[in-house]
Structures are given as C-alpha cells and as structure tokens.
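Structure file model.pdb with PDB, C-alpha atoms:
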ATOM      1  CA  MET A   1      89.828  -4.966-251.814
ATOM      2  CA  ASN A   2      90.815  -5.643-255.411
ATOM      3  CA  SER A   3      88.008  -7.921-256.369
ATOM      4  CA  THR A   4      84.406  -8.647-255.748
ATOM      5  CA  ASN A   5      83.157 -12.051-254.765
ATOM      6  CA  HIS A   6      82.490 -14.447-257.583
ATOM      7  CA  ASP A   7      79.483 -13.013-259.391
ATOM      8  CA  ALA A   8      78.045 -16.250-260.789
ATOM      9  CA  SER A   9      75.580 -16.292-257.832
ATOM     10  CA  PRO A  10      76.137 -20.002-257.262
ATOM     11  CA  ARG A  11      73.378 -22.226-255.976
ATOM     12  CA  PHE A  12      75.217 -24.835-253.988
ATOM     13  CA  GLN A  13      73.505 -27.481-251.913
ATOM     14  CA  ILE A  14      74.921 -30.154-249.665
ATOM     15  CA  GLY A  15      75.759 -33.206-251.755
ATOM     16  CA  ASP A  16      76.312 -31.248-254.992
ATOM     17  CA  THR A  17      79.213 -32.674-256.975
ATOM     18  CA  ALA A  18      81.683 -31.058-259.343
ATOM     19  CA  PRO A  19      81.817 -32.551-262.856
ATOM     20  CA  VAL A  20      84.518 -35.244-262.763
ATOM     21  CA  ARG A  21      87.630 -34.201-264.711
ATOM     22  CA  ARG A  22      90.339 -36.457-266.154
ATOM     23  CA  VAL A  23      93.825 -34.963-266.552
ATOM     24  CA  GLY A  24      96.754 -36.601-268.262
ATOM     25  CA  PRO A  25      98.384 -38.996-268.772
ATOM     26  CA  ILE A  26     101.015 -37.129-266.719
ATOM     27  CA  THR A  27     104.354 -37.102-268.561
ATOM     28  CA  ARG A  28     107.937 -36.619-267.423
ATOM     29  CA  THR A  29     107.776 -33.293-269.268
ATOM     30  CA  ASP A  30     104.842 -32.203-267.066
ATOM     31  CA  ILE A  31     106.898 -33.070-263.974
ATOM     32  CA  VAL A  32     109.997 -31.214-265.213
ATOM     33  CA  ARG A  33     107.919 -28.162-266.163
ATOM     34  CA  TYR A  34     106.509 -28.061-262.630
ATOM     35  CA  ALA A  35     109.990 -28.442-261.107
ATOM     36  CA  GLY A  36     111.105 -25.329-262.995
ATOM     37  CA  ALA A  37     107.976 -23.288-262.330
ATOM     38  CA  GLY A  38     107.703 -24.249-258.663
ATOM     39  CA  GLY A  39     111.439 -24.293-257.948
ATOM     40  CA  ASP A  40     111.628 -27.799-256.468
ATOM     41  CA  PHE A  41     114.638 -29.545-258.003
ATOM     42  CA  ASN A  42     114.766 -32.554-255.708
ATOM     43  CA  PRO A  43     116.317 -35.027-258.207
ATOM     44  CA  ILE A  44     113.858 -37.717-257.148
ATOM     45  CA  HIS A  45     111.311 -35.956-259.404
ATOM     46  CA  HIS A  46     113.384 -35.655-262.614
ATOM     47  CA  ASP A  47     116.513 -37.835-262.440
ATOM     48  CA  GLU A  48     115.566 -41.419-263.296
ATOM     49  CA  THR A  49     118.929 -42.860-262.189
ATOM     50  CA  PHE A  50     118.686 -41.097-258.836
ATOM     51  CA  ALA A  51     115.055 -42.165-258.298
ATOM     52  CA  CYS A  52     115.799 -45.815-259.103
ATOM     53  CA  ARG A  53     118.842 -45.855-256.805
ATOM     54  CA  ALA A  54     116.584 -44.520-254.069
ATOM     55  CA  GLY A  55     114.346 -47.554-254.550
ATOM     56  CA  TYR A  56     111.580 -46.074-256.708
ATOM     57  CA  ARG A  57     110.523 -47.588-260.014
ATOM     58  CA  SER A  58     110.864 -44.222-261.774
ATOM     59  CA  VAL A  59     110.660 -40.520-261.130
ATOM     60  CA  PHE A  60     107.311 -39.349-259.773
ATOM     61  CA  GLY A  61     105.340 -36.099-259.641
ATOM     62  CA  HIS A  62     105.648 -33.466-256.938
ATOM     63  CA  GLY A  63     102.800 -33.505-254.428
ATOM     64  CA  LEU A  64     102.449 -29.794-255.168
ATOM     65  CA  LEU A  65     101.969 -30.545-258.878
ATOM     66  CA  THR A  66      98.893 -32.632-258.059
ATOM     67  CA  ALA A  67      97.784 -30.007-255.520
ATOM     68  CA  GLY A  68      98.122 -27.329-258.213
ATOM     69  CA  ILE A  69      96.185 -29.321-260.814
ATOM     70  CA  LEU A  70      93.408 -29.898-258.273
ATOM     71  CA  SER A  71      93.407 -26.210-257.284
ATOM     72  CA  ALA A  72      92.642 -25.222-260.896
ATOM     73  CA  TYR A  73      89.740 -27.690-260.936
ATOM     74  CA  THR A  74      88.520 -26.364-257.575
ATOM     75  CA  THR A  75      88.521 -22.718-258.663
ATOM     76  CA  SER A  76      86.814 -23.494-261.972
ATOM     77  CA  TRP A  77      84.020 -24.954-259.833
ATOM     78  CA  LEU A  78      83.924 -22.577-256.831
ATOM     79  CA  GLY A  79      85.497 -19.419-258.331
ATOM     80  CA  LEU A  80      88.949 -18.067-257.504
ATOM     81  CA  ALA A  81      87.716 -14.904-255.762
ATOM     82  CA  ALA A  82      85.408 -16.932-253.493
ATOM     83  CA  LEU A  83      88.090 -19.365-252.294
ATOM     84  CA  ARG A  84      89.040 -18.774-248.647
ATOM     85  CA  ARG A  85      90.884 -21.954-247.702
ATOM     86  CA  TYR A  86      92.402 -24.882-249.573
ATOM     87  CA  SER A  87      94.059 -27.751-247.769
ATOM     88  CA  VAL A  88      95.683 -30.883-249.239
ATOM     89  CA  ARG A  89      97.019 -34.131-247.787
ATOM     90  CA  TYR A  90      99.366 -36.344-249.778
ATOM     91  CA  VAL A  91      98.398 -40.021-249.765
ATOM     92  CA  SER A  92     100.531 -41.672-252.461
ATOM     93  CA  GLN A  93     102.662 -40.902-255.488
ATOM     94  CA  VAL A  94     101.734 -39.988-259.070
ATOM     95  CA  TRP A  95     103.823 -41.855-261.673
ATOM     96  CA  PRO A  96     104.478 -40.901-265.311
ATOM     97  CA  GLY A  97     101.693 -42.416-267.424
ATOM     98  CA  ASP A  98      99.037 -42.033-264.717
ATOM     99  CA  THR A  99      95.794 -40.298-265.580
ATOM    100  CA  LEU A 100      94.424 -38.191-262.726
ATOM    101  CA  ILE A 101      90.728 -38.295-261.914
ATOM    102  CA  LEU A 102      89.490 -35.235-260.027
ATOM    103  CA  SER A 103      86.227 -35.023-258.129
ATOM    104  CA  GLY A 104      84.590 -32.804-255.523
ATOM    105  CA  ARG A 105      81.488 -32.663-253.337
ATOM    106  CA  VAL A 106      79.794 -30.070-251.135
ATOM    107  CA  THR A 107      79.790 -31.338-247.547
ATOM    108  CA  ALA A 108      78.374 -28.391-245.608
ATOM    109  CA  ILE A 109      76.829 -24.945-246.114
ATOM    110  CA  ASP A 110      76.841 -22.432-243.278
ATOM    111  CA  PRO A 111      75.742 -18.826-242.937
ATOM    112  CA  GLU A 112      78.633 -16.371-243.065
ATOM    113  CA  GLY A 113      77.944 -12.966-241.535
ATOM    114  CA  PRO A 114      74.558 -11.297-242.093
ATOM    115  CA  ASP A 115      74.331 -11.822-245.891
ATOM    116  CA  GLY A 116      76.765 -14.522-246.807
ATOM    117  CA  MET A 117      77.217 -18.227-247.015
ATOM    118  CA  GLN A 118      80.192 -20.479-246.596
ATOM    119  CA  VAL A 119      80.454 -23.609-248.739
ATOM    120  CA  ASN A 120      82.646 -26.481-247.526
ATOM    121  CA  CYS A 121      83.844 -29.113-249.987
ATOM    122  CA  GLU A 122      85.803 -32.329-250.048
ATOM    123  CA  LEU A 123      87.968 -33.072-253.062
ATOM    124  CA  LEU A 124      89.788 -36.171-254.215
ATOM    125  CA  VAL A 125      92.484 -37.011-256.756
ATOM    126  CA  GLN A 126      92.825 -40.605-257.842
ATOM    127  CA  ARG A 127      95.436 -42.002-260.175
ATOM    128  CA  GLU A 128      94.418 -44.400-262.901
ATOM    129  CA  ALA A 129      97.343 -46.497-264.078
ATOM    130  CA  ALA A 130      97.701 -47.737-267.675
ATOM    131  CA  ASN A 131      96.098 -51.031-266.533
ATOM    132  CA  GLY A 132      92.991 -49.199-265.305
ATOM    133  CA  GLN A 133      93.709 -49.675-261.606
ATOM    134  CA  ARG A 134      92.740 -46.724-259.385
ATOM    135  CA  GLN A 135      94.281 -45.437-256.175
ATOM    136  CA  ASP A 136      93.809 -42.293-254.056
ATOM    137  CA  VAL A 137      96.775 -39.944-254.321
ATOM    138  CA  LEU A 138      95.553 -36.756-252.660
ATOM    139  CA  THR A 139      92.625 -35.674-250.517
ATOM    140  CA  ALA A 140      91.676 -32.041-250.029
ATOM    141  CA  THR A 141      89.157 -29.686-248.497
ATOM    142  CA  ALA A 142      88.136 -26.254-249.736
ATOM    143  CA  VAL A 143      86.084 -23.437-248.230
ATOM    144  CA  ALA A 144      84.477 -20.745-250.370
ATOM    145  CA  THR A 145      82.311 -17.808-249.317
ATOM    146  CA  TYR A 146      79.646 -15.956-251.276
ATOM    147  CA  ASP A 147      77.387 -12.996-250.820
ATOM    148  CA  THR A 148      73.753 -14.021-250.752
ATOM    149  CA  PRO A 149      71.680 -10.820-250.859
ATOM    150  CA  GLY A 150      68.753 -11.150-248.495
ATOM    151  CA  GLY A 151      70.600 -13.800-246.521
ATOM    152  CA  SER A 152      68.912 -16.709-248.239
ATOM    153  CA  GLN A 153      71.104 -19.694-248.999
ATOM    154  CA  ASN A 154      69.123 -21.682-251.479
ATOM    155  CA  GLU A 155      67.122 -19.400-253.690
TER     156      GLU A 155
ATOM    157  CA  MET B   1     115.672 -35.260-234.475
ATOM    158  CA  ALA B   2     113.144 -32.448-234.458
ATOM    159  CA  ASP B   3     111.687 -31.450-231.107
ATOM    160  CA  GLN B   4     109.274 -29.032-229.393
ATOM    161  CA  SER B   5     111.994 -26.437-228.911
ATOM    162  CA  LEU B   6     111.658 -25.616-232.631
ATOM    163  CA  VAL B   7     108.202 -24.080-232.100
ATOM    164  CA  GLY B   8     108.525 -20.345-232.696
ATOM    165  CA  TYR B   9     111.705 -20.668-234.750
ATOM    166  CA  GLN B  10     111.714 -17.741-237.221
ATOM    167  CA  PHE B  11     113.196 -18.052-240.680
ATOM    168  CA  PRO B  12     114.846 -14.937-242.105
ATOM    169  CA  SER B  13     112.186 -12.801-243.842
ATOM    170  CA  PHE B  14     112.512 -11.956-247.524
ATOM    171  CA  ARG B  15     110.955  -9.963-250.354
ATOM    172  CA  PHE B  16     108.674 -11.657-252.911
ATOM    173  CA  LYS B  17     107.550  -9.887-256.074
ATOM    174  CA  VAL B  18     104.580 -11.424-257.907
ATOM    175  CA  GLU B  19     105.474 -11.324-261.606
ATOM    176  CA  GLU B  20     102.999 -11.623-264.476
ATOM    177  CA  GLY B  21     105.265 -13.964-266.482
ATOM    178  CA  LYS B  22     105.756 -16.223-263.460
ATOM    179  CA  ILE B  23     101.989 -16.449-262.953
ATOM    180  CA  ALA B  24     101.561 -17.544-266.606
ATOM    181  CA  GLU B  25     104.437 -20.032-266.304
ATOM    182  CA  PHE B  26     103.051 -21.484-263.085
ATOM    183  CA  ALA B  27      99.476 -21.697-264.424
ATOM    184  CA  LYS B  28     100.773 -23.607-267.448
ATOM    185  CA  ALA B  29     102.762 -25.929-265.179
ATOM    186  CA  ILE B  30      99.612 -26.885-263.244
ATOM    187  CA  LEU B  31      97.864 -27.541-266.592
ATOM    188  CA  CYS B  32      95.479 -24.642-266.045
ATOM    189  CA  THR B  33      94.008 -22.859-269.059
ATOM    190  CA  ASP B  34      91.877 -20.167-267.361
ATOM    191  CA  ALA B  35      92.517 -16.989-269.396
ATOM    192  CA  CYS B  36      92.663 -14.765-266.286
ATOM    193  CA  TYR B  37      96.211 -16.036-265.569
ATOM    194  CA  PHE B  38      97.486 -15.172-269.043
ATOM    195  CA  ASP B  39      95.575 -12.082-270.139
ATOM    196  CA  PRO B  40      95.103  -8.901-268.047
ATOM    197  CA  GLU B  41      91.878  -8.121-269.934
ATOM    198  CA  ALA B  42      90.411 -11.535-269.075
ATOM    199  CA  ALA B  43      91.489 -10.942-265.467
ATOM    200  CA  ARG B  44      89.655  -7.580-265.467
ATOM    201  CA  GLN B  45      86.509  -9.249-266.782
ATOM    202  CA  GLN B  46      86.648 -11.572-263.774
ATOM    203  CA  GLY B  47      86.927  -8.621-261.401
ATOM    204  CA  PHE B  48      90.715  -8.581-260.851
ATOM    205  CA  CYS B  49      92.696  -5.457-261.755
ATOM    206  CA  ALA B  50      95.708  -7.612-262.771
ATOM    207  CA  PRO B  51      96.263 -11.342-263.364
ATOM    208  CA  PRO B  52      95.723 -13.116-260.028
ATOM    209  CA  ALA B  53      98.011 -15.739-258.539
ATOM    210  CA  PRO B  54      96.666 -19.324-258.736
ATOM    211  CA  PRO B  55      95.787 -20.840-255.321
ATOM    212  CA  THR B  56      99.081 -22.707-254.793
ATOM    213  CA  PHE B  57     101.304 -20.029-256.378
ATOM    214  CA  SER B  58     102.880 -19.010-253.054
ATOM    215  CA  THR B  59     105.229 -21.999-253.292
ATOM    216  CA  VAL B  60     107.224 -20.164-255.981
ATOM    217  CA  SER B  61     108.326 -17.719-253.286
ATOM    218  CA  MET B  62     110.880 -20.406-252.373
ATOM    219  CA  HIS B  63     112.835 -19.091-255.390
ATOM    220  CA  TRP B  64     113.225 -15.845-253.425
ATOM    221  CA  GLN B  65     114.214 -17.389-250.115
ATOM    222  CA  PRO B  66     117.791 -16.588-249.152
ATOM    223  CA  PRO B  67     120.008 -19.668-248.891
ATOM    224  CA  GLN B  68     120.364 -20.875-245.317
ATOM    225  CA  GLU B  69     123.518 -22.069-243.704
ATOM    226  CA  GLY B  70     123.471 -25.462-242.021
ATOM    227  CA  ASN B  71     120.332 -27.329-241.016
ATOM    228  CA  PRO B  72     118.404 -25.069-238.615
ATOM    229  CA  LEU B  73     115.601 -27.565-238.025
ATOM    230  CA  ASN B  74     118.058 -30.381-237.401
ATOM    231  CA  LEU B  75     116.161 -32.699-239.755
ATOM    232  CA  ASP B  76     117.508 -35.886-241.266
ATOM    233  CA  LEU B  77     116.630 -35.040-244.882
ATOM    234  CA  LYS B  78     116.697 -38.701-245.913
ATOM    235  CA  ARG B  79     113.698 -39.276-243.626
ATOM    236  CA  VAL B  80     111.673 -36.214-244.540
ATOM    237  CA  LEU B  81     108.574 -36.152-246.709
ATOM    238  CA  ALA B  82     105.766 -33.724-247.438
ATOM    239  CA  GLY B  83     102.579 -34.457-245.488
ATOM    240  CA  GLY B  84     100.334 -31.710-246.767
ATOM    241  CA  ASN B  85      99.837 -28.049-247.540
ATOM    242  CA  GLU B  86      97.202 -25.515-246.612
ATOM    243  CA  TRP B  87      96.444 -21.997-247.804
ATOM    244  CA  GLU B  88      94.248 -19.323-246.226
ATOM    245  CA  TYR B  89      93.261 -16.555-248.630
ATOM    246  CA  LEU B  90      92.565 -13.212-246.961
ATOM    247  CA  ARG B  91      92.436 -11.336-250.275
ATOM    248  CA  PRO B  92      93.510 -11.910-253.890
ATOM    249  CA  VAL B  93      97.245 -11.778-254.676
ATOM    250  CA  LEU B  94      97.843  -9.933-257.971
ATOM    251  CA  ALA B  95     100.632  -9.552-260.523
ATOM    252  CA  GLY B  96     102.819  -6.560-259.757
ATOM    253  CA  GLU B  97     102.439  -6.729-255.987
ATOM    254  CA  GLU B  98     105.358  -7.086-253.644
ATOM    255  CA  PHE B  99     105.202  -8.956-250.359
ATOM    256  CA  THR B 100     107.360  -9.487-247.326
ATOM    257  CA  VAL B 101     107.416 -13.172-246.458
ATOM    258  CA  ARG B 102     107.714 -14.133-242.795
ATOM    259  CA  SER B 103     107.875 -17.757-241.828
ATOM    260  CA  HIS B 104     108.087 -19.663-238.563
ATOM    261  CA  ILE B 105     107.619 -23.116-237.084
ATOM    262  CA  ALA B 106     104.057 -23.130-235.728
ATOM    263  CA  ASP B 107     103.772 -26.653-234.339
ATOM    264  CA  VAL B 108     105.751 -29.816-233.663
ATOM    265  CA  THR B 109     103.929 -33.005-232.698
ATOM    266  CA  CYS B 110     105.000 -36.595-232.342
ATOM    267  CA  LYS B 111     102.899 -39.485-233.543
ATOM    268  CA  ARG B 112     103.491 -43.132-232.910
ATOM    269  CA  GLY B 113     103.304 -45.228-236.068
ATOM    270  CA  ALA B 114     104.004 -48.844-236.973
ATOM    271  CA  LYS B 115     107.727 -48.211-237.433
ATOM    272  CA  GLY B 116     108.252 -45.956-234.433
ATOM    273  CA  GLU B 117     107.772 -42.321-233.561
ATOM    274  CA  MET B 118     107.404 -39.830-236.367
ATOM    275  CA  THR B 119     107.490 -36.063-236.037
ATOM    276  CA  LEU B 120     105.065 -33.669-237.735
ATOM    277  CA  ILE B 121     106.386 -30.154-238.180
ATOM    278  CA  VAL B 122     104.129 -27.311-239.321
ATOM    279  CA  ARG B 123     105.789 -24.322-240.971
ATOM    280  CA  GLU B 124     103.559 -21.266-241.277
ATOM    281  CA  THR B 125     104.345 -18.551-243.809
ATOM    282  CA  GLY B 126     102.663 -15.151-243.949
ATOM    283  CA  PHE B 127     102.632 -12.877-247.003
ATOM    284  CA  TYR B 128     102.477  -9.208-245.925
ATOM    285  CA  ASP B 129     101.714  -6.469-248.445
ATOM    286  CA  GLU B 130     103.232  -2.981-248.710
ATOM    287  CA  HIS B 131     100.895  -1.774-245.931
ATOM    288  CA  ASP B 132     102.075  -4.675-243.761
ATOM    289  CA  GLN B 133      98.623  -6.255-244.082
ATOM    290  CA  LEU B 134      98.465 -10.032-244.196
ATOM    291  CA  ALA B 135      97.140 -11.242-247.587
ATOM    292  CA  LEU B 136      97.853 -14.960-247.498
ATOM    293  CA  ILE B 137      98.878 -17.640-245.012
ATOM    294  CA  ALA B 138     100.492 -20.851-246.247
ATOM    295  CA  ARG B 139     101.157 -23.831-243.983
ATOM    296  CA  SER B 140     103.173 -26.892-244.861
ATOM    297  CA  THR B 141     103.397 -30.074-242.839
ATOM    298  CA  ILE B 142     106.720 -31.867-242.972
ATOM    299  CA  ILE B 143     106.937 -35.432-241.722
ATOM    300  CA  GLU B 144     110.173 -36.796-240.297
ATOM    301  CA  LEU B 145     109.919 -40.583-240.273
ATOM    302  CA  PRO B 146     111.479 -42.720-237.555
ATOM    303  CA  PRO B 147     115.119 -43.688-238.112
ATOM    304  CA  PRO B 148     115.207 -46.676-240.485
ATOM    305  CA  PRO B 149     116.825 -49.986-239.627
ATOM    306  CA  PRO B 150     120.577 -49.860-240.468
ATOM    307  CA  MET B 151     120.080 -51.709-243.797
ATOM    308  CA  ASP B 152     118.002 -48.843-245.240
ATOM    309  CA  GLU B 153     120.369 -46.006-244.502
ATOM    310  CA  HIS B 154     120.718 -45.023-248.181
ATOM    311  CA  GLU B 155     117.023 -44.824-248.793
ATOM    312  CA  VAL B 156     115.866 -41.415-249.961
ATOM    313  CA  LEU B 157     112.304 -40.418-249.254
ATOM    314  CA  PRO B 158     110.167 -38.152-251.357
ATOM    315  CA  THR B 159     109.521 -34.581-250.461
TER     316      THR B 159
END
Give the structure from this file in structure tokens form.
Amino acid sequence: MNSTNHDASPRFQIGDTAPVRRVGPITRTDIVRYAGAGGDFNPIHHDETFACRAGYRSVFGHGLLTAGILSAYTTSWLGLAALRRYSVRYVSQVWPGDTLILSGRVTAIDPEGPDGMQVNCELLVQREAANGQRQDVLTATAVATYDTPGGSQNE
Amino acid sequence: MADQSLVGYQFPSFRFKVEEGKIAEFAKAILCTDACYFDPEAARQQGFCAPPAPPTFSTVSMHWQPPQEGNPLNLDLKRVLAGGNEWEYLRPVLAGEEFTVRSHIADVTCKRGAKGEMTLIVRETGFYDEHDQLALIARSTIIELPPPPPMDEHEVLPT
C-alpha cells in the first residue's frame, strides 16, 4: 500500500454537511481545456455551429467535467486516500455562463472491519444561470473509510 | 439496437501509463488547486510517494485506447448519451505507474420510458498494475434512447 488513510481523524456524524462551494462561471475555455485533458472531442462540446445545428442553444460542458469538479470538492472534504467509491448520475446540462453550486451531506455511518468506519455521502451539483435560476445538473454518492483506533465512531 | 448478447463483450486490452504532467493538466482542467497533484513534495506530505491521480482521472486512459474498427456494440450514436459514471478505488493510483486496462460490457437492461424502450449499457473497466493486481474499477452507463420519430433523424444527442 502506497498511502495511509487520511490522517485528519475526521469526526463525521450523520447529517453533517460540507461547506457549500461555488465554482465558475464556467467558460467555453474551461470546456475546451477539459476536452483536451480528458480526450473527449465530441464537437457538441466545443463547436458552436455544430451544437446549434444539433438543436442546442450553444455548446455545453462534458458531464465528466462537472463530475471532475465535484470530485475535487468531495476529496477536499473526505480526503483522497479515504475515498473508496464515487458515483455520479447526469441530470441536465451545464451551459457556458453557469455558476456551479456544490454541496454534500453525510447520510450514513457504518462500522468497517474491527477498527474502522465507513462514511456514506450524497452530493449535488446545481447550476445557477445568469438570471439566478437554479437547476440540478448532477447527483452523486461517495463512500469513504477511516481507521478509528479503539473502534469508536464518534469520539 | 443493443441487446443482452453484448453482456461479456471484451474490448481489446491496452497499456496505460500514468504521467505526472497529465495528472497536473487534468487537475487544472477540473479546476482543482490541491498541491498534491502538482508537487511531489506536497504529495509526500499527504502520504503519497508520488502525485496521485484525481478520482475521475481514469477517463484519460481513453487517449490510450486503440482505435476500433466498425461499431462493435451496434449502437446508433445519434441516440446515445452518458447516464453516469462510477469509480471503485482499491488503492491509490500514482504518477509513474503503468496499468493494463481491461474492459467489458457488464450489463444491458431495457427500460420503458415515455418515448419508448431505452437501453442501459454498463461498461466496466479494470486497471491492473504490474503485479496484475486490480487497483481501480471504473463503470460507465451509456443510454441508447428509443428511435426518434422520422422528423428528428438529424438530432444529435449529448454524450
């Protein structure tokens, strides 16, 4: 094993929330940078003419761009080394100019082995358009595990 | 039209090298500023012996996938969109490591929606290290929508 579990000895409880984070506004440059880094050159994400011909009002962000942005938020909360599972579902598109609002909540805490605990979380990304309107764009769940010496979860 | 017979379909395996520069590029692209992705010393302070891959980094392995002839899944690409992604982390993935990527179709299910029957296809990808130990599992769900009415045949759906 190349790493120890996150050593911040977290004290999670059911109902705990992550500090809400606002990201953006998302620009066309952000979308193009992700296309290059991730390797997804579907023109619907960077070619305005193509996207409009396909019936969209403009290009829009990759689902995996939003998933990536949320993953960074998730690991800054739970710790990268503790993350065991991360699962995302795409609900609607992110358009250039949208600000993303990221939030997360602990939904369950279970014992894991003799001395560990498993923390289950729900996460949400909403888009906030220039006019202030909000809409869900991505829902996610994350599972993180931690060592809890003595087997106690909450102290 | 995708069908149950696809379950078990194996994609050709390929080699995937995790590069330090690619980790930094990818971290920047997901608007992440955590120093561990950019600085080996910061990574060491967090308990990693080299910069770790961000949680969704495995998608860059598509750059390494050999081009495929034809359309093995028999999908109508105009009707395909991404439903979701899932990652299972068995251990950290670090810069400098090399993996063998093996991928197969794990599940095909049909769901009846308002516009007809849609097909959900789950592709499961395993990242095996130099000791052939599984380090990471990535699953992606692809949705093939029902055939559109004839008027919409030029519509292109997002992926």
Within 6 Å of chain A, which residues of chain B come that close, and what is the closest atom pair and distance in Å for each? Count all atoms listed in the file and give it as CSV.
residue,atom,partner,partner_atom,distance
B:Phe26,CA,A:Ala37,CA,5.3
B:Ala29,CA,A:Tyr34,CA,5.0
B:Ile30,CA,A:Ile69,CA,4.9
B:Cys32,CA,A:Ala72,CA,5.9
B:Gly47,CA,A:Ser3,CA,5.2
B:Phe48,CA,A:Ser3,CA,5.3
B:Thr56,CA,A:Gly68,CA,5.8
B:Val60,CA,A:Gly38,CA,4.9
B:His63,CA,A:Gly39,CA,6.0
B:Gly83,CA,A:Tyr90,CA,5.7
B:Gly84,CA,A:Arg89,CA,4.2
B:Asn85,CA,A:Val88,CA,5.3
B:Glu86,CA,A:Ser87,CA,4.0
B:Trp87,CA,A:Tyr86,CA,5.3
B:Glu88,CA,A:Arg85,CA,4.5
B:Tyr89,CA,A:Arg84,CA,4.8
B:Glu155,CA,A:Ala54,CA,5.3
B:Val156,CA,A:Ala54,CA,5.2
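Take CA of Ser13 in chain B and CA of Val101 in chain B: the distance between them is 5.5 Å.
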Would you mind reading off the distance between CA of Tyr37 in chain B and CA of Pro92 in chain B, one decimal, in Å?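 Interatomic distance, CA of Tyr37 in chain B to CA of Pro92 in chain B: 12.7 Å.
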How many Å lie between CA of Arg44 in chain B and CA of Ala95 in chain B, rounded to one decimal?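 It comes out at 12.2 Å.
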Contacts of Gly97 in chain A within 7 Å, only C-alpha atoms, excl. fewer than 5 positions in-chain, as a list of chain:residue names: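 Everything that qualifies: A:Pro25, A:Ile26, A:Thr27, A:Ala129, A:Ala130.
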Find the spatial neighbours of range 16-20 of chain A, counting all atoms listed in the file, within a cut-off of 7 Å - ignore same-chain residues fewer than 6 positions away - and output them as an MDAnalysis selection string. chainID A and resid 77 101:106
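Between Leu78 in chain A and the residues A:Pro111, A:Leu124, A:Gln118, A:Arg134, the shortest atom-to-atom distance, using all atoms listed in the file, involves A:Gln118.
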Centre, edges in Å (one decimal): axis-aligned box, range 28-35 of chain A, 6 Å padding on all six sides, as JSON:
{"center_x": 107.4, "center_y": -32.3, "center_z": -265.2, "size_x": 17.2, "size_y": 20.6, "size_z": 20.2}
Written as a PyMOL selection string, what is the full residue list that the PyMOL selection byres ((chain B and resi 99) around 9) yields on the file shown? chain B and resi 14-18+97-98+100-101+127-130+132+135
Report as a list in words the residues that result from applying the PyMOL selection byres ((chain B and resi 12) around 9) to the structure here. Gln10, Phe11, Ser13, Phe14, Gln65, Pro66, Gln68, Val101, Arg102, Ser103 and His104 of chain B
Counting only C-alpha atoms, figure out which residue out of A:Thr107, A:Thr145, A:Thr49, A:Asn131 gets nearest to Ile14 in chain A.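 Among the listed residues, A:Thr107 lies closest to Ile14 in chain A.
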Among listed residues A:His46, A:Phe12, A:Cys52, A:Arg21, nearest Leu123 in chain A (using all atoms listed in the file):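 Closest to Leu123 in chain A of all the choices is A:Arg21.
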Neighbouring residues of Leu73 in chain B were defined as those with any atom within 12 Å, considering all atoms listed in the file; residues of the same chain fewer than 4 positions away were excluded. Please report them as an MDAnalysis selection string. chainID B and resid 1:11 68:69 77 80 104:105 108 119 121:123 142 144
Since I can't run it myself right now, could you work out what the PyMOL selection byres ((chain B and resi 111) around 12) selects here and report it as a VMD selection string? chain B and resid 108 to 110 112 to 121 143 to 146
